[in-house]
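Here's model-v7.cif, which has mmCIF, C-alpha atoms and all ligand atoms:
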```
data_structure
#
loop_
_atom_site.label_atom_id
_atom_site.label_comp_id
_atom_site.auth_asym_id
_atom_site.auth_seq_id
_atom_site.Cartn_x
_atom_site.Cartn_y
_atom_site.Cartn_z
CA MET Y 1 -15.97 3.57 23.75
CA ARG Y 2 -18.46 5.98 22.22
CA THR Y 3 -19.75 4.97 18.86
CA ARG Y 4 -22.64 5.88 16.63
CA THR Y 5 -22.45 2.73 14.57
CA GLY Y 6 -25.02 0.10 15.41
CA PRO Y 7 -24.18 -3.61 15.63
CA SER Y 8 -25.42 -4.06 12.04
CA GLU Y 9 -22.73 -1.70 10.74
CA PRO Y 10 -19.32 -2.97 11.83
CA LYS Y 11 -16.52 -0.51 11.20
CA PRO Y 12 -14.51 -1.00 8.00
CA PHE Y 13 -11.13 -1.06 9.69
CA PHE Y 14 -9.04 -3.16 12.05
CA PHE Y 15 -5.94 -2.66 14.17
CA VAL Y 16 -2.61 -4.47 14.29
CA PRO Y 17 -1.51 -4.04 17.92
CA ILE Y 18 1.84 -2.50 18.85
CA ASP Y 19 3.62 -4.38 21.60
CA SER Y 20 5.78 -1.97 23.61
CA LYS Y 21 7.63 -4.95 25.13
CA ARG Y 22 8.95 -5.85 21.68
CA PRO Y 23 10.72 -2.79 20.23
CA PRO Y 24 11.72 -2.77 16.52
CA ARG Y 25 14.87 -4.68 15.53
CA ARG Y 26 17.03 -1.72 14.60
CA GLU Y 27 20.24 -1.96 12.58
CA ARG Y 28 22.67 0.28 10.76
CA ALA Y 29 21.46 1.75 7.44
CA ILE Y 30 22.82 0.02 4.32
CA GLU Y 31 25.11 2.39 2.41
CA HIS Y 32 24.35 3.65 -1.08
CA ASP Y 33 27.97 4.05 -2.11
CA ARG Y 34 28.43 0.67 -3.79
CA PHE Y 35 26.32 -2.08 -5.27
CA GLN Y 36 26.15 -4.94 -2.84
CA GLY Y 37 22.73 -6.51 -3.10
CA LEU Y 38 19.62 -6.78 -5.23
CA THR Y 39 19.27 -3.86 -7.60
CA GLY Y 40 16.71 -3.50 -10.35
CA ALA Y 41 13.03 -2.85 -11.01
CA LEU Y 42 9.83 -4.85 -10.60
CA GLN Y 43 7.08 -3.95 -13.07
CA LEU Y 44 3.63 -4.00 -11.53
CA TYR Y 45 0.04 -3.53 -12.59
CA ILE Y 46 -2.39 -1.95 -10.15
CA ARG Y 47 -5.93 -3.17 -10.79
CA VAL Y 48 -8.95 -1.44 -9.23
CA GLU Y 49 -11.32 -3.93 -7.61
CA PRO Y 50 -15.08 -3.62 -6.95
CA GLY Y 51 -15.95 -0.10 -6.01
CA TYR Y 52 -13.80 2.86 -6.97
CA LEU Y 53 -10.34 4.31 -6.57
CA TYR Y 54 -9.90 7.98 -5.79
CA VAL Y 55 -6.43 9.53 -5.57
CA GLY Y 56 -6.72 13.25 -5.03
CA SER Y 57 -4.39 16.16 -5.52
CA GLY Y 58 -6.42 18.67 -3.50
CA ARG Y 59 -7.82 20.28 -6.66
CA ILE Y 60 -11.55 21.07 -6.72
CA GLU Y 61 -13.43 21.45 -10.01
CA LEU Y 62 -17.02 21.95 -11.20
CA ASP Y 63 -18.94 19.41 -13.29
CA GLU Y 64 -21.62 20.08 -15.91
CA HIS Y 65 -24.27 20.29 -13.14
CA ASN Y 66 -22.14 22.88 -11.33
CA ARG Y 67 -21.38 20.43 -8.56
CA ALA Y 68 -17.99 20.94 -6.94
CA TYR Y 69 -15.92 17.77 -6.87
CA TYR Y 70 -12.45 16.70 -5.79
CA ALA Y 71 -10.50 15.90 -8.96
CA PHE Y 72 -8.37 12.77 -9.48
CA ALA Y 73 -4.65 13.60 -9.57
CA ARG Y 74 -3.26 14.38 -13.04
CA CYS Y 75 0.11 15.00 -14.60
CA ASN Y 76 0.17 16.73 -18.00
CA GLY Y 77 -3.55 16.02 -18.32
CA LYS Y 78 -3.18 12.27 -17.67
CA LEU Y 79 -4.58 10.52 -14.61
CA VAL Y 80 -1.78 9.54 -12.26
CA ILE Y 81 -1.28 7.75 -8.96
CA PRO Y 82 1.81 9.46 -7.55
CA GLY Y 83 4.57 7.00 -6.65
CA THR Y 84 4.69 8.57 -3.19
CA SER Y 85 1.05 7.54 -2.57
CA ILE Y 86 1.87 3.93 -3.51
CA LYS Y 87 4.97 3.99 -1.33
CA GLY Y 88 2.97 5.37 1.61
CA ALA Y 89 0.39 2.57 1.38
CA VAL Y 90 3.01 -0.18 1.00
CA ARG Y 91 5.28 1.28 3.67
CA SER Y 92 2.50 1.28 6.28
CA ILE Y 93 2.02 -2.47 5.70
CA VAL Y 94 5.78 -3.11 5.78
CA GLU Y 95 5.92 -1.18 9.07
CA ALA Y 96 3.22 -3.38 10.58
CA ILE Y 97 4.46 -6.78 9.38
CA SER Y 98 8.11 -6.08 10.28
CA ASN Y 99 7.36 -4.52 13.70
CA SER Y 100 8.94 -1.23 12.60
CA CYS Y 101 8.67 2.24 14.11
CA VAL Y 102 5.52 4.37 13.85
CA VAL Y 103 6.16 7.36 11.60
CA GLN Y 104 2.54 8.46 11.31
CA GLY Y 105 -0.18 7.78 13.81
CA GLU Y 106 -1.48 8.80 17.17
CA ARG Y 107 0.81 10.77 19.44
CA ASP Y 108 0.99 8.00 22.06
CA GLN Y 109 2.04 5.47 19.39
CA ARG Y 110 4.73 7.76 18.07
CA SER Y 111 6.46 7.85 21.46
CA GLY Y 112 8.08 5.10 23.52
CA SER Y 113 9.30 1.78 22.12
CA HIS Y 114 8.11 2.40 18.54
CA SER Y 115 8.92 6.11 18.19
CA ALA Y 116 10.31 7.21 14.80
CA CYS Y 117 13.94 6.20 14.23
CA GLN Y 118 16.42 9.08 14.74
CA ASP Y 119 19.85 7.47 14.52
CA LEU Y 120 21.10 6.30 11.11
CA HIS Y 121 23.16 3.66 12.89
CA SER Y 122 19.98 2.20 14.33
CA LEU Y 123 17.08 2.05 11.87
CA CYS Y 124 14.03 -0.23 11.88
CA PRO Y 125 13.37 -2.43 8.80
CA ALA Y 126 10.90 0.06 7.23
CA CYS Y 127 13.25 3.07 7.65
CA ARG Y 128 16.16 1.04 6.24
CA LEU Y 129 14.05 0.20 3.19
CA PHE Y 130 12.07 3.36 2.52
CA GLY Y 131 14.23 5.98 4.21
CA THR Y 132 13.92 8.55 6.95
CA THR Y 133 15.28 12.06 7.59
CA GLY Y 134 18.89 11.99 6.39
CA TYR Y 135 18.63 8.62 4.64
CA ALA Y 136 17.14 8.24 1.15
CA GLY Y 137 15.93 4.66 1.34
CA ARG Y 138 16.51 1.94 -1.24
CA ALA Y 139 13.02 1.27 -2.64
CA CYS Y 140 10.59 3.61 -4.38
CA PHE Y 141 7.65 3.45 -6.79
CA SER Y 142 7.32 5.36 -10.06
CA ASP Y 143 4.17 7.38 -10.74
CA ALA Y 144 1.49 5.01 -12.06
CA TYR Y 145 -0.33 5.80 -15.32
CA PRO Y 146 -3.46 4.12 -16.70
CA VAL Y 147 -3.16 1.28 -19.19
CA GLY Y 148 -5.65 1.89 -22.01
CA LYS Y 149 -8.59 4.24 -22.00
CA VAL Y 150 -10.11 5.21 -18.66
CA GLU Y 151 -13.43 6.86 -17.91
CA THR Y 152 -13.73 8.61 -14.59
CA LYS Y 153 -16.97 8.87 -12.64
CA ILE Y 154 -18.03 11.44 -10.07
CA VAL Y 155 -18.92 9.46 -6.95
CA LYS Y 156 -20.83 10.86 -3.99
CA ILE Y 157 -19.77 9.75 -0.54
CA ALA Y 158 -20.80 10.71 2.97
CA ASP Y 159 -18.22 12.69 4.89
CA LEU Y 160 -15.79 10.96 7.15
CA TRP Y 161 -15.07 11.18 10.82
CA PRO Y 162 -11.85 9.80 12.20
CA PRO Y 163 -12.22 7.07 14.81
CA ARG Y 164 -12.04 8.31 18.37
CA ARG Y 165 -9.86 5.54 19.62
CA THR Y 166 -6.88 3.76 18.19
CA ASP Y 167 -5.60 0.40 19.24
CA GLY Y 168 -2.45 0.08 17.20
CA ARG Y 169 -1.83 0.44 13.49
CA LYS Y 170 -5.07 1.04 11.62
CA PHE Y 171 -5.89 -0.61 8.27
CA TYR Y 172 -9.07 -0.46 6.21
CA GLN Y 173 -10.89 -3.54 5.06
CA PHE Y 174 -12.19 -4.53 1.68
CA LYS Y 175 -15.94 -4.06 1.82
CA ARG Y 176 -18.61 -3.53 -0.76
CA PHE Y 177 -18.98 0.13 -1.76
CA VAL Y 178 -22.50 1.42 -1.09
CA PRO Y 179 -23.36 4.53 -3.10
CA PRO Y 180 -25.67 7.14 -1.48
CA GLU Y 181 -29.30 6.99 -2.62
CA ASP Y 182 -28.98 9.92 -5.02
CA ASP Y 183 -26.27 12.16 -6.41
CA LYS Y 184 -27.69 15.50 -5.34
CA PRO Y 185 -25.42 17.85 -3.40
CA GLU Y 186 -26.14 17.39 0.28
CA LYS Y 187 -24.76 18.54 3.63
CA ASN Y 188 -21.97 16.31 4.98
CA HIS Y 189 -21.40 14.69 1.59
CA ARG Y 190 -18.76 15.22 -1.07
CA PHE Y 191 -18.08 14.26 -4.67
CA LEU Y 192 -14.90 12.51 -5.76
CA GLU Y 193 -13.66 11.97 -9.30
CA SER Y 194 -12.90 8.25 -9.22
CA VAL Y 195 -12.00 5.38 -11.53
CA PRO Y 196 -14.13 2.22 -11.57
CA LYS Y 197 -13.44 -1.47 -11.12
CA GLY Y 198 -11.19 -2.95 -13.75
CA THR Y 199 -9.14 0.20 -14.33
CA THR Y 200 -5.48 -0.75 -14.55
CA PHE Y 201 -2.41 1.38 -13.87
CA ALA Y 202 1.23 0.48 -14.48
CA THR Y 203 4.03 1.32 -12.07
CA SER Y 204 7.45 -0.01 -11.21
CA LEU Y 205 9.24 -0.59 -7.95
CA SER Y 206 12.88 0.48 -8.21
CA PHE Y 207 15.19 -1.02 -5.63
CA ALA Y 208 18.89 -0.82 -4.87
CA ASN Y 209 21.14 -2.87 -2.60
CA LEU Y 210 18.27 -4.85 -1.13
CA LEU Y 211 18.57 -8.05 0.89
CA PRO Y 212 16.42 -11.02 -0.18
CA ALA Y 213 14.54 -10.71 3.15
CA GLU Y 214 13.71 -7.08 2.31
CA MET Y 215 12.34 -8.11 -1.09
CA GLY Y 216 10.27 -10.72 0.75
CA LEU Y 217 8.80 -8.04 3.01
CA ILE Y 218 7.88 -5.76 0.11
CA LEU Y 219 6.32 -8.58 -1.93
CA ARG Y 220 4.19 -9.62 1.05
CA ALA Y 221 3.19 -5.98 1.63
CA LEU Y 222 2.10 -5.87 -2.04
CA GLY Y 223 -0.24 -8.76 -1.25
CA LEU Y 224 1.64 -11.27 -3.43
CA GLY Y 225 1.98 -14.99 -2.81
CA GLU Y 226 2.17 -18.30 -4.65
CA SER Y 227 -0.82 -18.83 -6.90
CA ARG Y 228 -3.11 -21.68 -5.83
CA LYS Y 229 -4.40 -22.13 -9.37
CA GLN Y 230 -0.95 -22.11 -10.96
CA PRO Y 231 1.63 -23.29 -8.43
CA GLY Y 232 5.09 -21.99 -9.23
CA THR Y 233 3.79 -18.56 -10.19
CA VAL Y 234 3.18 -15.41 -8.16
CA ALA Y 235 -0.30 -13.92 -7.92
CA PRO Y 236 -2.16 -11.28 -5.93
CA MET Y 237 -3.52 -12.90 -2.75
CA ARG Y 238 -5.26 -9.92 -1.17
CA TYR Y 239 -6.09 -6.30 -1.83
CA THR Y 240 -4.17 -3.21 -0.75
CA LYS Y 241 -5.88 0.07 0.09
CA LEU Y 242 -4.82 3.13 -1.88
CA GLY Y 243 -5.90 6.76 -2.07
CA GLY Y 244 -8.79 8.60 -0.40
CA GLY Y 245 -12.28 7.67 0.77
CA LYS Y 246 -11.07 4.50 2.50
CA PRO Y 247 -13.53 4.88 5.42
CA ARG Y 248 -16.24 4.71 2.72
CA CYS Y 249 -14.61 1.56 1.30
CA LEU Y 250 -12.99 3.13 -1.75
CA GLY Y 251 -9.46 2.31 -2.86
CA SER Y 252 -9.23 -1.50 -2.97
CA VAL Y 253 -6.59 -2.51 -5.51
CA TYR Y 254 -4.59 -5.59 -6.42
CA PHE Y 255 -0.93 -5.50 -7.38
CA ALA Y 256 0.08 -7.97 -10.08
CA PRO Y 257 3.72 -8.53 -11.08
CA ALA Y 258 4.46 -8.01 -14.79
CA GLY Y 259 8.22 -8.35 -15.08
CA LEU Y 260 11.55 -8.07 -13.32
CA ARG Y 261 14.86 -6.50 -14.27
CA LEU Y 262 17.94 -7.18 -12.20
CA VAL Y 263 21.26 -5.39 -12.49
CA SER Y 264 24.07 -7.88 -12.79
CA LEU Y 265 27.32 -7.65 -10.87
CA GLY Y 266 30.63 -8.45 -12.53
CA GLY Y 267 32.83 -11.37 -11.52
CA ASP Y 268 34.67 -9.36 -8.88
CA ASN Y 269 31.45 -7.63 -7.77
CA LEU Y 270 31.99 -4.71 -10.13
CA PHE Y 271 28.77 -3.08 -11.16
CA GLN Y 272 28.37 -3.67 -14.89
CA GLY Y 273 25.42 -1.35 -15.34
CA LEU Y 274 23.44 -3.98 -17.20
CA SER Y 275 19.86 -4.28 -16.21
CA MET Y 276 18.59 -7.57 -17.59
CA ALA Y 277 14.90 -8.19 -18.18
CA MET Y 278 14.28 -11.73 -16.98
CA PRO Y 279 11.91 -14.07 -18.82
CA GLY Y 280 8.79 -15.11 -16.91
CA GLU Y 281 10.02 -18.65 -16.22
CA GLN Y 282 12.97 -17.08 -14.38
CA TRP Y 283 11.45 -14.17 -12.51
CA GLN Y 284 8.43 -16.07 -11.17
CA PRO Y 285 10.61 -18.56 -9.21
CA GLN Y 286 12.84 -15.65 -8.16
CA LEU Y 287 9.90 -13.79 -6.60
CA LEU Y 288 8.74 -17.02 -4.91
CA ALA Y 289 12.21 -17.55 -3.45
CA TRP Y 290 12.21 -14.01 -2.01
CA LEU Y 291 8.69 -14.53 -0.63
CA LYS Y 292 9.93 -17.58 1.29
CA ASN Y 293 12.54 -15.48 3.09
CA ASN Y 294 10.84 -14.65 6.41
CA SER Y 295 13.81 -13.42 8.39
CA LEU Y 296 12.54 -9.82 8.65
CA LEU Y 297 8.88 -10.79 9.03
CA ASP Y 298 7.19 -10.37 12.42
CA LYS Y 299 5.04 -13.49 12.30
CA GLU Y 300 2.64 -12.42 15.04
CA ALA Y 301 1.93 -9.02 13.45
CA TYR Y 302 1.71 -10.55 9.97
CA ASP Y 303 -0.88 -13.11 11.10
CA ARG Y 304 -2.93 -10.33 12.74
CA PHE Y 305 -2.73 -8.28 9.57
CA ILE Y 306 -3.79 -11.16 7.31
CA ALA Y 307 -6.62 -12.14 9.68
CA GLY Y 308 -7.85 -8.53 9.68
CA CYS Y 309 -7.96 -8.05 5.94
CA SER Y 310 -8.80 -11.42 4.50
CA ASN Y 311 -11.92 -12.40 6.39
CA ARG Y 312 -14.34 -13.52 3.65
CA GLU Y 313 -17.47 -12.54 5.53
CA VAL Y 314 -16.09 -9.07 6.12
CA CYS Y 315 -15.15 -8.65 2.46
CA GLN Y 316 -18.66 -9.36 1.25
CA ALA Y 317 -20.32 -7.08 3.80
CA PRO Y 318 -21.54 -3.67 2.69
CA CYS Y 319 -19.60 -0.61 3.74
CA PRO Y 320 -21.17 1.25 6.66
CA THR Y 321 -23.12 4.23 5.36
CA GLY Y 322 -23.58 6.03 8.66
CA VAL Y 323 -21.23 7.99 10.85
CA TYR Y 324 -18.87 5.92 12.92
ZN ZN W 401 12.04 3.46 11.75
#
```

Take the structure in the file and write it out as structure tokens.
Ligand SMILES: [Zn+2]
Amino acid sequence: MRTRTGPSEPKPFFFVPIDSKRPPRRERAIEHDRFQGLTGALQLYIRVEPGYLYVGSGRIELDEHNRAYYAFARCNGKLVIPGTSIKGAVRSIVEAISNSCVVQGERDQRSGSHSACQDLHSLCPACRLFGTTGYAGRACFSDAYPVGKVETKIVKIADLWPPRRTDGRKFYQFKRFVPPEDDKPEKNHRFLESVPKGTTFATSLSFANLLPAEMGLILRALGLGESRKQPGTVAPMRYTKLGGGKPRCLGSVYFAPAGLRLVSLGGDNLFQGLSMAMPGEQWQPQLLAWLKNNSLLDKEAYDRFIAGCSNREVCQAPCPTGVY
């Protein structure tokens, strides 16, 4: 493999292999026409961890020094993380840990055993949850808006080159962001309008007709688990990568649950239309119970994923600054 990264600069990503001998467990899509499972909304905070988060919209602006920068996405003048960006990040983890099909990726991965699902009578776990052509999916995220006042910062990063080789599903690691030595415009560098560590956004996951095992998959993909400090409660266990600049170690966030509403079914399974906000002492054990449901989890892929992103040594290492 050709590489321009020396041994002192390990790459900031890892692969979860795709095993062509184990195709996805495909099943019929769950219908939307009646309420038959878990329906409601999970409130979540998204907290930016060391480094920065950049979620772009493609818009380029000029700062007071006349430097062109890529602007953070906005809606009506307010910073926003589009719900589709959150769904994309969470879906790619769900795809990996449930051995689902490959919707995006290298051409050779998108063919064969794990090619994108086509038949609505035979969908992989991720397509059943998040949808595919002709099927709307049963889980989505609302656009996330900042909580409190947020100051953005223009961050300079070196340009990015895609890796030349892929070995499965690619995920970026949490590594320390290393800013370039100065913030002068320079060839092969760009400026991104980003938000710093500590910035918090609020979003909600809306779900309809979900199975407990599907909730378990999503909660694991959000990086949630049982708190070690406070057993019996749910806490973020690892970061998730969101937005742009990931090869330069931007975009590490934690999801933290903030509340749960569940729609209740009537005695004869009639939908009553009542979405009840559950008190914390009820929803925390509920999330833990869903997390314990492993029936859609691909243990081998999940262990590879966790090993790849939660290596302590890797997390404390600086992000490579060179081309890789
Ligand atoms: Zn699929």

- Task: Using only C-alpha atoms, find the one residue out of Y:Leu160, Y:Val234, Y:Leu250, Y:Ala301 that sits nearest to Y:Glu281.
- Result: Y:Val234

- Query: Just how far from atom CA of Y:Pro12 is atom CA of Y:Ser113, in Å to one decimal?
  - Reply: 27.8 Å

- Write out as a ChimeraX atom specification the residues lying within 10 Å of Y:Glu300, counting all atoms listed in the file and excluding same-chain residues fewer than 4 positions away. /Y:16-17,97-99,304-305

Kindly provide the residues of chain Y that approach ligand ZN 401 (chain W) to within 10 Å, each paired with its closest atom pair and their distance in Å to one decimal, based on only C-alpha atoms and all ligand atoms, listed by chain and increasing number, as a tab-separated table.
```
residue	atom	partner	partner_atom	distance
Y:Pro24	CA	W:ZN401	ZN	7.9
Y:Arg25	CA	W:ZN401	ZN	9.4
Y:Arg26	CA	W:ZN401	ZN	7.7
Y:Glu27	CA	W:ZN401	ZN	9.9
Y:Glu95	CA	W:ZN401	ZN	8.1
Y:Asn99	CA	W:ZN401	ZN	9.5
Y:Ser100	CA	W:ZN401	ZN	5.7
Y:Cys101	CA	W:ZN401	ZN	4.3
Y:Val102	CA	W:ZN401	ZN	6.9
Y:Val103	CA	W:ZN401	ZN	7.1
Y:His114	CA	W:ZN401	ZN	7.9
Y:Ser115	CA	W:ZN401	ZN	7.6
Y:Ala116	CA	W:ZN401	ZN	5.1
Y:Cys117	CA	W:ZN401	ZN	4.2
Y:Gln118	CA	W:ZN401	ZN	7.7
Y:Asp119	CA	W:ZN401	ZN	9.2
Y:Leu120	CA	W:ZN401	ZN	9.5
Y:Ser122	CA	W:ZN401	ZN	8.4
Y:Leu123	CA	W:ZN401	ZN	5.2
Y:Cys124	CA	W:ZN401	ZN	4.2
Y:Pro125	CA	W:ZN401	ZN	6.7
Y:Ala126	CA	W:ZN401	ZN	5.8
Y:Cys127	CA	W:ZN401	ZN	4.3
Y:Arg128	CA	W:ZN401	ZN	7.3
Y:Leu129	CA	W:ZN401	ZN	9.4
Y:Phe130	CA	W:ZN401	ZN	9.2
Y:Gly131	CA	W:ZN401	ZN	8.2
Y:Thr132	CA	W:ZN401	ZN	7.2
```

Would you save the residues of that selection, restricted to C-alpha atoms, as a PDB file, keeping the file's coordinate frame?
```pdb
ATOM      1  CA  PRO Y  24      11.720  -2.770  16.520  1.00  0.00           C
ATOM      2  CA  ARG Y  25      14.870  -4.680  15.530  1.00  0.00           C
ATOM      3  CA  ARG Y  26      17.030  -1.720  14.600  1.00  0.00           C
ATOM      4  CA  GLU Y  27      20.240  -1.960  12.580  1.00  0.00           C
ATOM      5  CA  GLU Y  95       5.920  -1.180   9.070  1.00  0.00           C
ATOM      6  CA  ASN Y  99       7.360  -4.520  13.700  1.00  0.00           C
ATOM      7  CA  SER Y 100       8.940  -1.230  12.600  1.00  0.00           C
ATOM      8  CA  CYS Y 101       8.670   2.240  14.110  1.00  0.00           C
ATOM      9  CA  VAL Y 102       5.520   4.370  13.850  1.00  0.00           C
ATOM     10  CA  VAL Y 103       6.160   7.360  11.600  1.00  0.00           C
ATOM     11  CA  HIS Y 114       8.110   2.400  18.540  1.00  0.00           C
ATOM     12  CA  SER Y 115       8.920   6.110  18.190  1.00  0.00           C
ATOM     13  CA  ALA Y 116      10.310   7.210  14.800  1.00  0.00           C
ATOM     14  CA  CYS Y 117      13.940   6.200  14.230  1.00  0.00           C
ATOM     15  CA  GLN Y 118      16.420   9.080  14.740  1.00  0.00           C
ATOM     16  CA  ASP Y 119      19.850   7.470  14.520  1.00  0.00           C
ATOM     17  CA  LEU Y 120      21.100   6.300  11.110  1.00  0.00           C
ATOM     18  CA  SER Y 122      19.980   2.200  14.330  1.00  0.00           C
ATOM     19  CA  LEU Y 123      17.080   2.050  11.870  1.00  0.00           C
ATOM     20  CA  CYS Y 124      14.030  -0.230  11.880  1.00  0.00           C
ATOM     21  CA  PRO Y 125      13.370  -2.430   8.800  1.00  0.00           C
ATOM     22  CA  ALA Y 126      10.900   0.060   7.230  1.00  0.00           C
ATOM     23  CA  CYS Y 127      13.250   3.070   7.650  1.00  0.00           C
ATOM     24  CA  ARG Y 128      16.160   1.040   6.240  1.00  0.00           C
ATOM     25  CA  LEU Y 129      14.050   0.200   3.190  1.00  0.00           C
ATOM     26  CA  PHE Y 130      12.070   3.360   2.520  1.00  0.00           C
ATOM     27  CA  GLY Y 131      14.230   5.980   4.210  1.00  0.00           C
ATOM     28  CA  THR Y 132      13.920   8.550   6.950  1.00  0.00           C
TER      29      THR Y 132
END
```

List every protein, DNA or RNA residue with an atom no more than 12 Å from (13.9, 6.0, -1.4) in the file's coordinates, counting all atoms listed in the file, and format the result as a PDB file with C-alpha atoms, in the coordinates of the input.
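File point18.pdb, as written:
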```
ATOM      1  CA  HIS Y  32      24.350   3.650  -1.080  1.00  0.00           C
ATOM      2  CA  GLY Y  83       4.570   7.000  -6.650  1.00  0.00           C
ATOM      3  CA  THR Y  84       4.690   8.570  -3.190  1.00  0.00           C
ATOM      4  CA  LYS Y  87       4.970   3.990  -1.330  1.00  0.00           C
ATOM      5  CA  GLY Y  88       2.970   5.370   1.610  1.00  0.00           C
ATOM      6  CA  ARG Y  91       5.280   1.280   3.670  1.00  0.00           C
ATOM      7  CA  ALA Y 126      10.900   0.060   7.230  1.00  0.00           C
ATOM      8  CA  CYS Y 127      13.250   3.070   7.650  1.00  0.00           C
ATOM      9  CA  ARG Y 128      16.160   1.040   6.240  1.00  0.00           C
ATOM     10  CA  LEU Y 129      14.050   0.200   3.190  1.00  0.00           C
ATOM     11  CA  PHE Y 130      12.070   3.360   2.520  1.00  0.00           C
ATOM     12  CA  GLY Y 131      14.230   5.980   4.210  1.00  0.00           C
ATOM     13  CA  THR Y 132      13.920   8.550   6.950  1.00  0.00           C
ATOM     14  CA  THR Y 133      15.280  12.060   7.590  1.00  0.00           C
ATOM     15  CA  GLY Y 134      18.890  11.990   6.390  1.00  0.00           C
ATOM     16  CA  TYR Y 135      18.630   8.620   4.640  1.00  0.00           C
ATOM     17  CA  ALA Y 136      17.140   8.240   1.150  1.00  0.00           C
ATOM     18  CA  GLY Y 137      15.930   4.660   1.340  1.00  0.00           C
ATOM     19  CA  ARG Y 138      16.510   1.940  -1.240  1.00  0.00           C
ATOM     20  CA  ALA Y 139      13.020   1.270  -2.640  1.00  0.00           C
ATOM     21  CA  CYS Y 140      10.590   3.610  -4.380  1.00  0.00           C
ATOM     22  CA  PHE Y 141       7.650   3.450  -6.790  1.00  0.00           C
ATOM     23  CA  SER Y 142       7.320   5.360 -10.060  1.00  0.00           C
ATOM     24  CA  LEU Y 205       9.240  -0.590  -7.950  1.00  0.00           C
ATOM     25  CA  SER Y 206      12.880   0.480  -8.210  1.00  0.00           C
ATOM     26  CA  PHE Y 207      15.190  -1.020  -5.630  1.00  0.00           C
ATOM     27  CA  ALA Y 208      18.890  -0.820  -4.870  1.00  0.00           C
ATOM     28  CA  ASN Y 209      21.140  -2.870  -2.600  1.00  0.00           C
ATOM     29  CA  LEU Y 210      18.270  -4.850  -1.130  1.00  0.00           C
TER      30      LEU Y 210
END
```

Mind listing whatever residues come within 7 Å of the point (0.9, -15.2, -7.7)? Use only C-alpha atoms, file coordinates, and give them as a PDB file with C-alpha atoms, keeping the file's coordinate frame.
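See point.pdb below for the written result:
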```
ATOM      1  CA  LEU Y 224       1.640 -11.270  -3.430  1.00  0.00           C
ATOM      2  CA  GLY Y 225       1.980 -14.990  -2.810  1.00  0.00           C
ATOM      3  CA  GLU Y 226       2.170 -18.300  -4.650  1.00  0.00           C
ATOM      4  CA  SER Y 227      -0.820 -18.830  -6.900  1.00  0.00           C
ATOM      5  CA  THR Y 233       3.790 -18.560 -10.190  1.00  0.00           C
ATOM      6  CA  VAL Y 234       3.180 -15.410  -8.160  1.00  0.00           C
ATOM      7  CA  ALA Y 235      -0.300 -13.920  -7.920  1.00  0.00           C
ATOM      8  CA  PRO Y 236      -2.160 -11.280  -5.930  1.00  0.00           C
TER       9      PRO Y 236
END
```

- Task: Might you pull out every residue within 10 Å of stretch 196-202 of chain Y, with all atoms listed in the file counted and same-chain residues fewer than 6 positions away left off, and present them as a ChimeraX atom specification?
- Result: /Y:43-54,79-81,142-153,155,250-258

- Task: Compare Y:Lys241, Y:Arg22, Y:Lys175, Y:Arg34 by their minimum atom-to-atom distance to Y:Leu222, counting all atoms listed in the file, and give me the closest one.
- Result: Y:Lys241

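Closest approach to Y:Ala41 among Y:Leu260, Y:Lys78, Y:Leu62, Y:Thr321 is made by Y:Leu260 (distances from only C-alpha atoms).
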
- Task: Would you list the contacts of Y:Lys156 as number ranges by chain, taking every protein, DNA or RNA residue within 12 Å and counting only C-alpha atoms, but skipping same-chain residues closer than 2 positions in sequence?
- Result: Y: 52, 54, 67-70, 153-154, 158-159, 177-194, 245, 248, 250, 321

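With distances taken over all atoms listed in the file, Y:Leu297 is the one residue among Y:Cys309, Y:Leu297, Y:Ile60, Y:Ile18 lying closest to Y:Ile218.
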
Kindly compute an axis-aligned box around the listed atoms of stretch 195-208 of chain Y, allowing 3 Å on each side, and express its centre and edge lengths in Å to one decimal as AutoDock Vina command-line options.
```
--center_x 2.4 --center_y 1.2 --center_z -9.7 --size_x 39.0 --size_y 14.3 --size_z 15.7
```

- Query: Between atom CA of Y:Leu291 and atom CA of Y:Gly259, what is the spacing in Å?
  - Reply: 15.7 Å

- Between Y:Ala73, Y:Gly112, Y:Leu219, Y:Val55, which has the minimum distance to Y:Leu287 (counting all atoms listed in the file)? Y:Leu219

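Taking only C-alpha atoms into account, Y:Gly58 lies nearest to Y:Arg74 out of the set Y:Arg74, Y:Asn293, Y:Ile93, Y:Arg238.
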